[in-house]
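Some notes on the structure that comes next.
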Amino acid sequence: MIKASIVITAYNSAAFIERSLQSALTQQFPKSDYEIVVIDDGSTDETPQILARFGNAIRVIRQANRGFVGAANAGFRAAVGTYVTKLDSDDAFGPDLLRETTDVLDANPEIDFVYSDYEERMGDVTRVVSTENIFSSIAIGMMYRRERLAAEGCYREGLKFPEYDLLLRTLGRWKGFRIPKPLFTYIRRPESVTKETGWQEDALRELRALYPEHRDLIAKIRKY
């Protein structure tokens, strides 16, 4: 039985995807109990050739470019694990992420998703980010019960912050559990889309239009 699926989304990721894949492949978790699904979202660089080197250790789905939300949803829908989590191609899981998050879900059927603190690295500077405020969490490493995520329609496409939309959409219905220690590393790159001028304000404006009653919570979303 496949207990967990790691979905990795990739677009022109040749420069860094091997690190991401190695972090997924070296989990302290039985190899037969999890899968790695890579969505190659129309890469035009050497990403396909790098993915081919990993052979049957990963499952690759190549599609025409749909953007990061469409790629994530394609991975969620292709996954077969009881639980599913997302990893970006430029980030890295710590070795215990699968074990710790699935242990919580195994033991607590009322829990819908698990999230953790994380390391954020920018250049030579690394800091630990607390997710005591859940809106400091990010999409990476959040482990969902796959069937509940599917029933919710996965991410809403067309939004810049689908992960926070999902939190707001399920508020009061889903129950989350925080692991208060860093289980993955989020690596911020200068060319990241979140660094574009006005990108975050546009993303927040979308959420405020959808959830005017939750402007106070939207104001708590972490800064990028």
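Within each chain, counting starts at residue 1; across the structure tokens, chains are named A, B, ... in the order shown, with ligands numbered 1 upward in that order.
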Which of region 28-196 of chain A DSSP labels strand (DSSP E), written as a ChimeraX atom specification: /A:34-41,59-63,83-88,92-93,113-122,125-129,143-145,176-188
Helix (DSSP H, G or I) residues, from DSSP on the backbone, in chain A, as an NGL selection string: :A and (17-25 or 31-33 or 47-52 or 55-57 or 67-78 or 97-107 or 134-136 or 146-151 or 162-169 or 193-195 or 199-210 or 212-218)
Point-to-point distance in Å for CA of Ile187 (chain A) and CA of Asp124 (chain A):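 The value is 10.6 Å.
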Spatial neighbours of region 130-145 of chain A, max dist 7 Å, only C-alpha atoms, sep filter under 6 positions, as a PyMOL selection string: chain A and resi 82-88+101+112-117+163+184+220-222
Close residues, Ala64 (chain A) itself excluded, 12 Å, only C-alpha atoms, min 2 positions apart in chain, as JSON, numbers by chain: {"A": [10, 11, 39, 40, 41, 42, 43, 44, 61, 62, 66, 67, 68, 70, 71, 74]}
If you keep C-alpha atoms, can you produce a file of those selected residues as an mmCIF file, in the first residue's frame?
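The new file result_7.cif reads:
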data_model
loop_
_atom_site.group_PDB
_atom_site.id
_atom_site.type_symbol
_atom_site.label_atom_id
_atom_site.label_comp_id
_atom_site.auth_asym_id
_atom_site.auth_seq_id
_atom_site.Cartn_x
_atom_site.Cartn_y
_atom_site.Cartn_z
ATOM 1 C CA ALA A 10 9.027 21.426 -11.980
ATOM 2 C CA TYR A 11 9.448 23.998 -14.711
ATOM 3 C CA ILE A 39 4.977 17.011 -12.848
ATOM 4 C CA ASP A 40 7.212 18.435 -15.575
ATOM 5 C CA ASP A 41 5.193 21.500 -16.509
ATOM 6 C CA GLY A 42 6.464 21.932 -20.067
ATOM 7 C CA SER A 43 10.153 22.463 -19.290
ATOM 8 C CA THR A 44 12.314 23.603 -22.203
ATOM 9 C CA ILE A 61 4.185 13.177 -15.883
ATOM 10 C CA ARG A 62 5.005 15.699 -18.582
ATOM 11 C CA ARG A 66 -0.157 25.226 -16.991
ATOM 12 C CA GLY A 67 1.620 27.173 -14.269
ATOM 13 C CA PHE A 68 2.446 26.117 -10.729
ATOM 14 C CA GLY A 70 -2.170 23.575 -12.539
ATOM 15 C CA ALA A 71 0.974 21.493 -12.110
ATOM 16 C CA ALA A 74 -2.161 17.467 -11.791
#
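Nearest residue to Ala15 (chain A), choosing from A:Ile218, A:Ile36, A:Ile50, A:Met122 and counting only C-alpha atoms: A:Ile50.
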For CA of Arg53 (chain A) and CA of Ile17 (chain A), the interatomic separation in Å (one decimal):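 Atom-to-atom, CA of Arg53 (chain A) to CA of Ile17 (chain A), that is 11.9 Å.
Note that CA of Glu35 (chain A) and CA of Gly75 (chain A) are 11.4 Å apart.
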Counting only C-alpha atoms, the option among A:Arg148, A:Lys160, A:Lys223, A:Arg19 closest to Arg173 (chain A):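 Under the stated criterion, the closest residue is A:Arg148.
Distance annotation: of A:Ala219, A:Val69, A:Leu51, A:Ala4, the residue with the minimal separation from Phe16 (chain A) is A:Leu51; atom set is only C-alpha atoms.
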List every residue of region 57-163 of chain A that has an atom at most 10 Å from any atom of region 197-205 of chain A, and for each one report the closest atom pair and its distance in Å to one decimal, counting only C-alpha atoms, with rows sorted by chain and then by increasing residue number, as CSV.
residue,atom,partner,partner_atom,distance
A:Leu159,CA,A:Ala203,CA,7.1
A:Lys160,CA,A:Ala203,CA,5.2
A:Phe161,CA,A:Ala203,CA,5.9
A:Pro162,CA,A:Ala203,CA,9.2
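Closest approach to Leu171 (chain A) among A:Leu217, A:Ala150, A:Leu183, A:Ala78 is made by A:Leu217 (distances from only C-alpha atoms).
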Nearest to Met1 (chain A), chosen from A:Cys154, A:Leu210, A:Val80, A:Leu25, with only C-alpha atoms counted in the distances: A:Val80
Residue among A:Ser89, A:Asp33, A:Leu98, A:Pro182 lying closest to Asn12 (chain A), counting only C-alpha atoms: A:Ser89
